[in-house]
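Listing of query_3.txt, compact mmCIF, C-alpha atoms and all ligand atoms
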```txt
# COMPACT_ATOMS: atom_id res chain seq x y z
CA MET A 18 139.07 -45.68 139.13
CA LYS A 19 139.89 -42.04 139.79
CA SER A 20 137.46 -39.53 138.36
CA ILE A 21 139.52 -36.61 137.10
CA SER A 22 136.79 -34.33 135.96
CA THR A 23 133.05 -34.14 136.16
CA ILE A 24 130.66 -32.11 134.09
CA THR A 25 127.19 -32.28 135.52
CA LEU A 26 124.18 -31.19 133.61
CA GLY A 27 121.27 -30.36 135.88
CA LEU A 28 119.28 -33.33 137.10
CA SER A 29 120.55 -35.90 139.51
CA ALA A 30 118.92 -39.21 140.32
CA LEU A 31 119.39 -41.54 143.29
CA ILE A 32 118.91 -45.04 141.94
CA THR A 33 119.60 -48.59 142.93
CA VAL A 34 122.08 -50.15 140.56
CA SER A 35 122.38 -53.89 140.24
CA MET A 36 125.11 -54.39 137.67
CA ILE A 37 124.65 -57.91 136.42
CA SER A 38 126.19 -57.02 133.16
CA CYS A 39 127.97 -58.74 130.32
CA ASN A 40 131.21 -57.37 131.68
CA ASP A 41 130.62 -56.72 135.31
CA GLN A 42 128.84 -58.43 138.16
CA LYS A 43 128.34 -56.50 141.35
CA LYS A 44 125.90 -56.60 144.22
CA ALA A 45 123.12 -54.06 144.17
CA GLU A 46 124.37 -50.83 145.64
CA ASN A 47 123.06 -47.35 146.11
CA MET A 48 124.74 -44.88 143.82
CA ASP A 49 124.23 -41.19 143.42
CA VAL A 50 124.03 -40.88 139.65
CA LYS A 51 124.09 -37.43 138.10
CA LYS A 52 123.16 -36.53 134.56
CA GLY A 53 126.28 -35.50 132.66
CA ILE A 54 129.70 -36.78 131.73
CA THR A 55 132.62 -37.91 133.85
CA LYS A 56 136.12 -38.56 132.58
CA ALA A 57 138.55 -41.00 134.15
CA SER A 58 141.94 -42.39 133.26
CA PHE A 59 141.72 -45.84 131.58
CA GLY A 60 145.45 -46.58 131.18
CA ASN A 61 147.93 -46.03 128.36
CA ALA A 62 148.28 -47.18 124.78
CA ASP A 63 150.71 -46.07 122.04
CA GLY A 64 152.43 -43.87 124.65
CA LYS A 65 149.24 -41.87 125.16
CA GLU A 66 146.85 -41.70 128.08
CA VAL A 67 143.51 -43.35 127.38
CA PHE A 68 140.32 -42.02 128.97
CA LEU A 69 137.02 -43.62 129.83
CA TYR A 70 134.02 -41.31 129.68
CA THR A 71 130.74 -42.08 131.39
CA LEU A 72 127.63 -40.51 129.87
CA THR A 73 124.62 -40.49 132.21
CA ASN A 74 121.11 -39.41 131.29
CA ASP A 75 118.31 -38.22 133.56
CA LYS A 76 117.07 -41.80 134.08
CA GLY A 77 120.47 -42.77 135.45
CA ASP A 78 121.19 -44.96 132.42
CA GLN A 79 124.86 -44.97 131.52
CA VAL A 80 127.07 -45.49 128.50
CA LYS A 81 130.84 -45.75 128.93
CA ILE A 82 133.14 -44.92 126.03
CA SER A 83 136.89 -45.37 125.81
CA THR A 84 139.14 -43.11 123.74
CA TYR A 85 140.99 -46.30 122.75
CA GLY A 86 139.12 -47.43 119.64
CA GLY A 87 136.17 -45.17 120.50
CA VAL A 88 134.84 -48.31 122.16
CA VAL A 89 131.43 -48.40 123.85
CA THR A 90 132.52 -50.52 126.82
CA SER A 91 129.12 -50.75 128.53
CA TRP A 92 125.53 -49.55 128.27
CA VAL A 93 123.76 -50.08 131.56
CA ALA A 94 119.96 -49.78 131.69
CA PRO A 95 117.17 -51.51 133.61
CA ASP A 96 115.14 -54.53 132.53
CA LYS A 97 111.40 -54.81 133.17
CA SER A 98 112.02 -55.63 136.86
CA GLY A 99 114.34 -52.67 137.32
CA ASN A 100 117.55 -54.76 137.37
CA ARG A 101 120.36 -52.87 135.69
CA SER A 102 122.83 -54.64 133.44
CA SER A 103 124.89 -53.88 130.38
CA ILE A 104 123.32 -54.78 127.06
CA VAL A 105 126.66 -54.76 125.23
CA LEU A 106 129.79 -56.90 125.51
CA GLY A 107 132.76 -55.14 126.99
CA PHE A 108 135.56 -55.12 129.52
CA ASP A 109 136.07 -52.94 132.56
CA SER A 110 139.79 -52.45 131.93
CA LEU A 111 141.91 -51.44 128.95
CA SER A 112 143.86 -54.72 129.00
CA GLY A 113 140.79 -56.54 127.69
CA TYR A 114 140.89 -54.36 124.57
CA LEU A 115 144.66 -54.45 124.11
CA ALA A 116 144.31 -58.24 123.84
CA LYS A 117 142.47 -57.59 120.53
CA PRO A 118 138.96 -58.95 121.07
CA PRO A 119 136.96 -59.11 117.82
CA TYR A 120 136.11 -55.40 117.66
CA PHE A 121 133.92 -55.33 120.81
CA GLY A 122 132.03 -51.99 120.82
CA ALA A 123 134.63 -50.30 118.61
CA LEU A 124 134.57 -47.65 115.92
CA ILE A 125 135.48 -49.33 112.64
CA GLY A 126 137.41 -47.72 109.80
CA ARG A 127 138.59 -46.75 107.37
CA TYR A 128 136.56 -49.49 105.77
CA GLY A 129 134.04 -51.45 107.81
CA ASN A 130 133.74 -55.07 106.65
CA ARG A 131 135.61 -56.64 103.75
CA ILE A 132 137.47 -55.52 100.64
CA ALA A 133 138.21 -58.50 98.38
CA ARG A 134 141.89 -59.48 98.32
CA GLY A 135 142.69 -56.10 99.94
CA LYS A 136 142.75 -54.35 96.57
CA PHE A 137 140.79 -51.54 94.97
CA LYS A 138 141.35 -48.92 92.30
CA ILE A 139 140.72 -45.19 92.25
CA ASP A 140 141.21 -43.38 88.92
CA GLY A 141 143.00 -46.46 87.55
CA PHE A 142 145.56 -46.59 90.36
CA GLU A 143 145.52 -49.80 92.41
CA TYR A 144 145.85 -49.61 96.19
CA THR A 145 146.90 -52.63 98.26
CA LEU A 146 145.71 -53.10 101.83
CA ALA A 147 146.52 -55.71 104.49
CA THR A 148 144.81 -59.06 104.04
CA ASN A 149 143.94 -59.70 107.67
CA ASP A 150 140.93 -62.00 107.14
CA GLY A 151 141.94 -64.96 104.99
CA PRO A 152 142.46 -63.57 101.48
CA ASN A 153 140.57 -60.34 102.27
CA HIS A 154 140.92 -57.03 104.06
CA LEU A 155 138.64 -56.60 107.11
CA HIS A 156 137.64 -53.62 109.27
CA GLY A 157 140.47 -51.29 108.27
CA GLY A 158 143.39 -53.72 108.45
CA ASN A 159 145.98 -54.61 111.08
CA LYS A 160 145.55 -51.40 113.02
CA GLY A 161 142.17 -49.98 112.18
CA PHE A 162 140.31 -47.21 113.97
CA ASP A 163 139.37 -49.74 116.68
CA LYS A 164 143.01 -49.91 117.82
CA VAL A 165 144.04 -46.24 117.85
CA VAL A 166 143.73 -43.61 120.56
CA TRP A 167 141.22 -40.90 119.63
CA GLU A 168 141.38 -37.25 120.73
CA SER A 169 138.39 -36.34 122.86
CA SER A 170 136.41 -33.32 123.94
CA VAL A 171 133.13 -32.88 125.72
CA ALA A 172 130.32 -30.84 124.26
CA ASN A 173 128.96 -28.89 127.20
CA ASP A 174 125.34 -28.60 126.12
CA SER A 175 122.12 -29.82 127.68
CA ILE A 176 122.65 -33.50 126.83
CA PRO A 177 125.80 -35.50 127.52
CA SER A 178 127.83 -35.88 124.36
CA LEU A 179 131.40 -36.80 123.61
CA SER A 180 133.33 -35.78 120.49
CA LEU A 181 136.15 -38.00 119.27
CA SER A 182 138.52 -37.17 116.44
CA TYR A 183 141.30 -38.96 114.63
CA LEU A 184 143.61 -38.00 111.79
CA SER A 185 144.37 -41.06 109.69
CA LYS A 186 147.51 -40.15 107.77
CA ASP A 187 147.98 -40.56 104.03
CA GLY A 188 149.07 -44.17 103.43
CA GLU A 189 147.94 -45.48 106.83
CA GLU A 190 147.05 -49.16 106.39
CA GLY A 191 147.54 -48.58 102.66
CA TYR A 192 144.67 -46.11 102.19
CA PRO A 193 145.22 -42.86 100.28
CA GLY A 194 144.72 -39.36 101.69
CA ASN A 195 144.92 -37.66 105.05
CA LEU A 196 141.51 -38.45 106.47
CA GLN A 197 140.15 -36.35 109.33
CA VAL A 198 137.40 -38.31 111.11
CA ASN A 199 135.06 -36.98 113.77
CA VAL A 200 132.58 -39.05 115.73
CA LYS A 201 130.10 -37.64 118.22
CA TYR A 202 128.40 -39.92 120.74
CA THR A 203 125.31 -38.58 122.54
CA LEU A 204 123.12 -40.26 125.16
CA THR A 205 119.66 -38.70 125.26
CA ASP A 206 117.10 -38.83 128.06
CA GLU A 207 115.04 -41.07 125.74
CA ASP A 208 117.78 -43.74 126.02
CA GLU A 209 119.05 -43.12 122.51
CA LEU A 210 122.72 -43.62 121.82
CA LYS A 211 123.27 -41.35 118.86
CA ILE A 212 126.46 -41.74 116.77
CA GLU A 213 127.27 -39.00 114.25
CA TYR A 214 130.19 -39.51 111.89
CA SER A 215 131.88 -36.96 109.64
CA ALA A 216 135.06 -37.05 107.58
CA THR A 217 137.10 -35.10 105.05
CA THR A 218 140.09 -36.09 102.95
CA ASP A 219 142.81 -34.40 100.90
CA LYS A 220 142.97 -37.19 98.24
CA PRO A 221 140.20 -39.42 96.87
CA THR A 222 139.79 -42.40 99.20
CA VAL A 223 137.22 -45.01 100.26
CA LEU A 224 135.40 -44.92 103.57
CA ASN A 225 132.88 -47.08 105.46
CA LEU A 226 132.49 -46.14 109.13
CA THR A 227 130.49 -48.10 111.66
CA ASN A 228 130.28 -49.14 115.29
CA HIS A 229 130.81 -52.79 116.20
CA SER A 230 128.80 -53.13 119.43
CA TYR A 231 127.78 -56.68 120.35
CA PHE A 232 124.28 -56.63 121.88
CA ASN A 233 122.64 -59.13 124.19
CA LEU A 234 119.41 -57.63 125.50
CA THR A 235 119.28 -60.11 128.40
CA GLY A 236 122.39 -58.36 129.78
CA ASP A 237 124.06 -61.67 130.53
CA VAL A 238 126.33 -63.73 128.26
CA ALA A 239 125.11 -66.87 129.98
CA ASN A 240 122.17 -66.52 127.55
CA THR A 241 122.47 -66.78 123.77
CA ILE A 242 120.69 -64.28 121.52
CA LEU A 243 118.82 -67.05 119.71
CA ASN A 244 115.50 -66.40 121.48
CA GLN A 245 115.61 -62.66 120.82
CA ARG A 246 113.44 -61.38 118.01
CA LEU A 247 114.66 -59.27 115.12
CA GLN A 248 112.88 -57.29 112.47
CA ILE A 249 114.84 -55.67 109.62
CA ASP A 250 113.30 -53.39 107.02
CA ALA A 251 115.09 -55.07 104.14
CA ASP A 252 113.44 -56.84 101.21
CA ASN A 253 116.87 -57.77 99.85
CA TYR A 254 120.31 -58.85 101.00
CA THR A 255 123.72 -59.37 99.44
CA PRO A 256 124.67 -63.09 99.26
CA VAL A 257 128.34 -63.89 99.85
CA ASP A 258 131.00 -66.32 98.63
CA SER A 259 132.85 -68.72 100.93
CA THR A 260 135.14 -65.88 102.10
CA LEU A 261 132.16 -63.64 102.96
CA ILE A 262 132.64 -61.31 99.99
CA PRO A 263 129.31 -60.31 98.36
CA THR A 264 128.81 -61.99 95.01
CA GLY A 265 127.51 -58.67 93.64
CA GLN A 266 123.92 -59.87 93.39
CA ILE A 267 121.09 -58.22 95.28
CA VAL A 268 118.66 -60.99 96.14
CA SER A 269 115.15 -61.02 97.60
CA VAL A 270 114.84 -62.32 101.17
CA LYS A 271 111.40 -63.79 100.41
CA GLY A 272 111.18 -67.46 101.25
CA THR A 273 114.73 -67.49 102.70
CA PRO A 274 116.08 -67.52 106.29
CA PHE A 275 117.05 -63.89 105.62
CA ASP A 276 113.44 -62.72 105.67
CA PHE A 277 113.21 -60.56 108.80
CA THR A 278 110.66 -58.19 107.29
CA THR A 279 108.41 -59.28 110.15
CA ALA A 280 109.89 -60.01 113.59
CA GLU A 281 111.36 -63.52 113.85
CA LYS A 282 113.30 -65.40 116.50
CA ILE A 283 116.96 -65.23 115.51
CA GLY A 284 117.42 -68.94 116.25
CA ALA A 285 114.38 -70.07 114.24
CA ARG A 286 116.20 -70.56 110.93
CA ILE A 287 119.86 -69.98 111.81
CA ASP A 288 120.78 -73.65 111.29
CA SER A 289 120.04 -73.32 107.59
CA VAL A 290 122.52 -70.43 107.25
CA LYS A 291 126.04 -71.86 106.97
CA GLY A 292 128.11 -70.55 109.88
CA GLY A 293 125.27 -68.32 111.10
CA TYR A 294 124.19 -64.85 110.01
CA ASP A 295 127.02 -62.59 108.83
CA HIS A 296 125.33 -60.75 105.97
CA ASN A 297 124.64 -57.30 104.66
CA PHE A 298 120.96 -56.40 104.39
CA VAL A 299 119.95 -53.92 101.71
CA LEU A 300 117.77 -51.51 103.66
CA ASN A 301 114.51 -50.44 102.06
CA SER A 302 115.22 -46.89 103.31
CA LYS A 303 118.16 -46.81 100.83
CA GLY A 304 120.13 -44.42 103.07
CA GLY A 305 120.36 -40.65 102.95
CA SER A 306 117.85 -39.73 105.65
CA LEU A 307 117.59 -41.03 109.21
CA GLN A 308 115.03 -43.83 109.25
CA LYS A 309 114.12 -46.74 111.48
CA VAL A 310 115.57 -49.91 109.94
CA ALA A 311 115.53 -52.64 112.60
CA THR A 312 114.06 -53.66 115.95
CA LEU A 313 115.52 -56.23 118.33
CA SER A 314 113.47 -57.41 121.29
CA ASP A 315 113.76 -59.77 124.23
CA ASP A 316 110.61 -60.94 126.01
CA GLY A 317 112.39 -62.10 129.18
CA SER A 318 113.97 -58.73 130.02
CA GLY A 319 111.27 -56.65 128.30
CA ARG A 320 114.02 -54.72 126.53
CA GLU A 321 113.72 -53.50 122.94
CA LEU A 322 116.38 -51.87 120.77
CA GLN A 323 115.42 -49.86 117.70
CA VAL A 324 118.02 -48.98 115.08
CA PHE A 325 117.81 -45.82 112.97
CA THR A 326 120.37 -44.91 110.33
CA THR A 327 121.22 -42.83 107.30
CA GLU A 328 123.27 -45.74 105.91
CA PRO A 329 121.98 -47.99 103.08
CA GLY A 330 123.10 -51.31 104.63
CA LEU A 331 123.06 -53.29 107.86
CA GLN A 332 125.50 -56.10 108.66
CA PHE A 333 123.66 -58.61 110.84
CA TYR A 334 126.28 -60.79 112.57
CA THR A 335 125.36 -63.44 115.14
CA GLY A 336 128.73 -63.70 116.92
CA ASN A 337 129.62 -66.83 114.93
CA PHE A 338 133.35 -66.57 115.61
CA LEU A 339 132.96 -66.23 119.39
CA ASP A 340 134.13 -69.56 120.79
CA GLY A 341 134.43 -69.19 124.55
CA THR A 342 138.15 -68.36 124.57
CA ILE A 343 137.49 -64.73 125.48
CA LYS A 344 136.11 -64.18 128.98
CA THR A 345 134.20 -61.23 130.39
CA SER A 346 135.93 -59.17 133.09
CA ASP A 347 134.14 -61.34 135.66
CA GLY A 348 135.33 -64.58 134.04
CA LYS A 349 132.32 -65.78 132.02
CA ALA A 350 133.14 -67.46 128.71
CA ILE A 351 131.84 -65.56 125.67
CA ASN A 352 130.48 -68.37 123.55
CA LYS A 353 129.12 -68.54 120.00
CA ASN A 354 125.83 -66.65 119.52
CA THR A 355 125.95 -64.96 122.92
CA ALA A 356 125.79 -61.52 121.29
CA LEU A 357 124.91 -60.00 117.93
CA CYS A 358 125.95 -56.98 115.89
CA LEU A 359 123.78 -54.63 113.88
CA GLU A 360 126.44 -52.68 111.99
CA THR A 361 125.02 -49.84 109.94
CA GLN A 362 127.18 -49.40 106.87
CA HIS A 363 127.69 -49.21 103.13
CA PHE A 364 127.89 -52.63 101.52
CA PRO A 365 131.01 -54.80 101.89
CA ASN A 366 133.49 -54.66 99.00
CA SER A 367 131.76 -51.64 97.42
CA PRO A 368 135.06 -50.26 96.02
CA ASN A 369 135.08 -53.31 93.70
CA GLN A 370 131.33 -53.38 92.98
CA PRO A 371 130.33 -50.39 90.83
CA SER A 372 126.64 -51.32 91.18
CA PHE A 373 126.73 -50.84 94.99
CA PRO A 374 126.25 -47.35 96.54
CA SER A 375 129.59 -45.55 96.30
CA THR A 376 132.02 -45.35 99.23
CA LEU A 377 134.33 -42.89 97.48
CA LEU A 378 135.15 -39.66 99.33
CA SER A 379 136.84 -36.85 97.41
CA PRO A 380 138.60 -33.69 98.55
CA GLY A 381 136.11 -30.87 99.05
CA GLN A 382 133.34 -33.25 100.14
CA THR A 383 132.33 -33.88 103.75
CA PHE A 384 131.09 -37.34 104.60
CA HIS A 385 128.16 -37.39 107.07
CA SER A 386 126.39 -40.36 108.56
CA GLU A 387 124.23 -40.95 111.61
CA THR A 388 123.02 -44.00 113.50
CA VAL A 389 120.79 -44.10 116.58
CA TYR A 390 120.29 -47.11 118.86
CA LYS A 391 117.16 -46.49 120.96
CA LEU A 392 116.59 -48.68 123.98
CA SER A 393 113.25 -49.09 125.75
CA VAL A 394 111.72 -51.46 128.26
CA THR A 395 108.18 -52.76 128.43
CA LYS A 396 107.06 -53.63 131.93
C1 LIG B 401 131.94 -58.42 111.19
C2 LIG B 401 132.19 -59.38 110.11
C3 LIG B 401 132.32 -60.73 110.67
C4 LIG B 401 133.43 -60.77 111.70
C5 LIG B 401 133.15 -59.77 112.77
C6 LIG B 401 134.27 -59.74 113.75
O1 LIG B 401 130.68 -58.52 111.70
O2 LIG B 401 131.21 -59.36 109.11
O3 LIG B 401 132.59 -61.65 109.66
O4 LIG B 401 134.63 -60.46 111.09
O5 LIG B 401 132.96 -58.52 112.19
O6 LIG B 401 134.67 -61.00 114.20
```

If you convert what's in this file into structure tokens, what do you get?
Ligand code: GLA
Amino acid sequence: MKSISTITLGLSALITVSMISCNDQKKAENMDVKKGITKASFGNADGKEVFLYTLTNDKGDQVKISTYGGVVTSWVAPDKSGNRSSIVLGFDSLSGYLAKPPYFGALIGRYGNRIARGKFKIDGFEYTLATNDGPNHLHGGNKGFDKVVWESSVANDSIPSLSLSYLSKDGEEGYPGNLQVNVKYTLTDEDELKIEYSATTDKPTVLNLTNHSYFNLTGDVANTILNQRLQIDADNYTPVDSTLIPTGQIVSVKGTPFDFTTAEKIGARIDSVKGGYDHNFVLNSKGGSLQKVATLSDDGSGRELQVFTTEPGLQFYTGNFLDGTIKTSDGKAINKNTALCLETQHFPNSPNQPSFPSTLLSPGQTFHSETVYKLSVTK
């Protein structure tokens, strides 16, 4: 891959990288890793050049982000023994993404998760969206924000950060209003991947932005996520019907397999949840301010991932639809439960559930939202 520009920010670190990642398996090699951002060509889509940015912090930990779909393609950091591997599912070439994997690492919009029967009303007018998930609309439709090429620019400040923007035109995928969306990814020296979203519209519309990274803290899809432990600060969740649309009720997790108020092994009760976990948790923080809402940990690697968000909900999805047909770039089958998603969001189908927090965005308003994934390792 040809690096076409490099912006280096101060510190440089000489580290030994052993990439035994979800998407890449290489022998340990010495690499001179500099804090900053590099930009490289990643191919072409929709007649536009796609770029792959590499954000490196002062520890030498790296996040790669593609302008196609705003996808986080890898997040390489050490385990407790110092072995570096990617904790997210991804591919090392654009072709993997053009083959439409189930939203690996992507930015999701306009509406993350489902809208029942692809219909909603604003001011009495009914809008019709694609039904691309059985009878329902999912993750923005046939060509959501995960499948478009974003404009990019690098913020040249003291920490590596990448700004992505996309203008979703009035009527795109059936949604009203020209929607200008900006997403800023930052990798801090504290191993936080910060994602800041903002958006404006020129007509009332609905909006639910998230990132669809699939995590496996072991850094290897040969392992399932069932032994990893999860804690979610949610006393309630939204039960769903057989097509995964919330029934509208907000139900206590107490005494159910959805009780993650204290850390539990993901596999401990998954067999009593039909199909596996794919549910929205109603966060106790209620959204609005940035608060810690979940912690995922893996004893074997010593890695821990904390999730902070301003959003009121969290979709916990245990990779139930992964079935081994998709392979990593190095040929490993991606099987059921080999990765999980913690998608910070508003609740699914909110445009049709007046009792859920509103996802309406009107002209003159600016939507803001922030999510931080903070990785650490205990030796
Ligand atoms: C979300 C949904 C799941 C599934 C995945 C992608 O997590 O809730 O039902 O659609 O995205 O496969």

Box for ligand LIG 401 (chain B) - axis-aligned, 5 Å on each of the six sides, all listed atoms - centre and size in Å to one decimal, as AutoDock Vina command-line options.
```
--center_x 132.7 --center_y -60.0 --center_z 111.7 --size_x 14.0 --size_y 13.2 --size_z 15.1
```

Checklist entry - If you count all atoms listed in the file, which residues end up within 9 Å of ligand LIG 401 (chain B), as a list in words? => result Pro118, Pro119, Tyr120, Phe121, Gly129, Asn130, Arg131, Asp150, Leu155, His156, His229, Leu261, Tyr294, Asp295, His296, Asn297, Gln332, Phe333, Tyr334, Thr335, Gly336, Asn337, Phe338, Leu339, Leu357, Cys358, Leu359, Glu360 and Pro365 of chain A

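Going from CA of Gln370 (chain A) to CA of Lys186 (chain A) covers 25.6 Å.
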
Checklist entry - Closest to Leu226 (chain A) among A:Asn253, A:Asn199, A:Asn369, A:Thr355, using only C-alpha atoms? => result A:Asn199

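Nearest residue to Thr145 (chain A) among A:Tyr202, A:Asn354, A:Gly188, A:Asp109 is A:Gly188, counting only C-alpha atoms.
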
Item to check | Nearest to Asn225 (chain A), chosen from A:Pro95, A:Gly191, A:Gly348, A:Pro329, with all atoms listed in the file counted in the distances | outcome: A:Pro329

Checklist entry - Counting all atoms listed in the file, what is within 8 Å of Gln79 (chain A), bar same-chain residues fewer than 2 positions away, as a list in words? => result Thr71, Leu72, Thr73, Asn74, Gly77, Lys81, Ser91, Trp92, Val93 and Ala94 of chain A

Since we have the selection now, will you write its residues out, keeping C-alpha atoms, as a PDB file, keeping the file's coordinate frame?
```pdb
ATOM      1  CA  THR A  71     130.740 -42.080 131.390  1.00  0.00           C
ATOM      2  CA  LEU A  72     127.630 -40.510 129.870  1.00  0.00           C
ATOM      3  CA  THR A  73     124.620 -40.490 132.210  1.00  0.00           C
ATOM      4  CA  ASN A  74     121.110 -39.410 131.290  1.00  0.00           C
ATOM      5  CA  GLY A  77     120.470 -42.770 135.450  1.00  0.00           C
ATOM      6  CA  LYS A  81     130.840 -45.750 128.930  1.00  0.00           C
ATOM      7  CA  SER A  91     129.120 -50.750 128.530  1.00  0.00           C
ATOM      8  CA  TRP A  92     125.530 -49.550 128.270  1.00  0.00           C
ATOM      9  CA  VAL A  93     123.760 -50.080 131.560  1.00  0.00           C
ATOM     10  CA  ALA A  94     119.960 -49.780 131.690  1.00  0.00           C
TER      11      ALA A  94
END
```

Checklist entry - Which one of A:Ala216, A:Val257, A:Leu124, A:Leu377 sits closest to Asn195 (chain A) if you count all atoms listed in the file? => result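 Checking each of A:Ala216, A:Val257, A:Leu124, A:Leu377 against Asn195 (chain A), counting all atoms listed in the file, the winner is A:Ala216.
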
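The shortest atom-to-atom distance to Pro152 (chain A), with all atoms listed in the file taken into account, belongs to A:Ile132 out of A:Arg101, A:Gly317, A:Lys344, A:Ile132.
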
Checklist outcome for this item: Counting all atoms listed in the file, the residue among A:Gly330, A:Gly265, A:Gly158, A:Gly381 that lies closest to Asp252 (chain A) is A:Gly330

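Between CA of Glu207 (chain A) and CA of Thr388 (chain A) the interatomic distance comes to 14.9 Å.
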
Item to check | Residues within 8 Å of region 390-394 of chain A, all atoms listed in the file, excluding chain neighbours under 2 positions, as a ChimeraX atom specification | outcome: /A:95-97,207-211,318-325,388,396

Item to check | Two-atom distance - CA of Thr279 (chain A), CA of Gln308 (chain A) (Å) | outcome: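 A separation of 16.8 Å between them.
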
Checklist entry - Got a sec to check which residues sit within 12 Å of (140.3, -36.9, 112.0), counting all atoms listed in the file, and write them as a ChimeraX atom specification? => result /A:126-127,162,165-169,180-187,194-201,214-219,383-384

Next on the checklist: When you look at Phe137 (chain A) with a cut-off of 7 Å (counting only C-alpha atoms), what residues show up, excluding the ones that are within fewer than 4 positions of it in the same chain? I need them as a ChimeraX atom specification.
Outcome noted: /A:143-144,368-369

Write a file of the selected residues as a PDB file, keeping the file's coordinate frame, keeping C-alpha atoms.
```
ATOM      1  CA  GLU A 143     145.520 -49.800  92.410  1.00  0.00           C
ATOM      2  CA  TYR A 144     145.850 -49.610  96.190  1.00  0.00           C
ATOM      3  CA  PRO A 368     135.060 -50.260  96.020  1.00  0.00           C
ATOM      4  CA  ASN A 369     135.080 -53.310  93.700  1.00  0.00           C
TER       5      ASN A 369
END
```
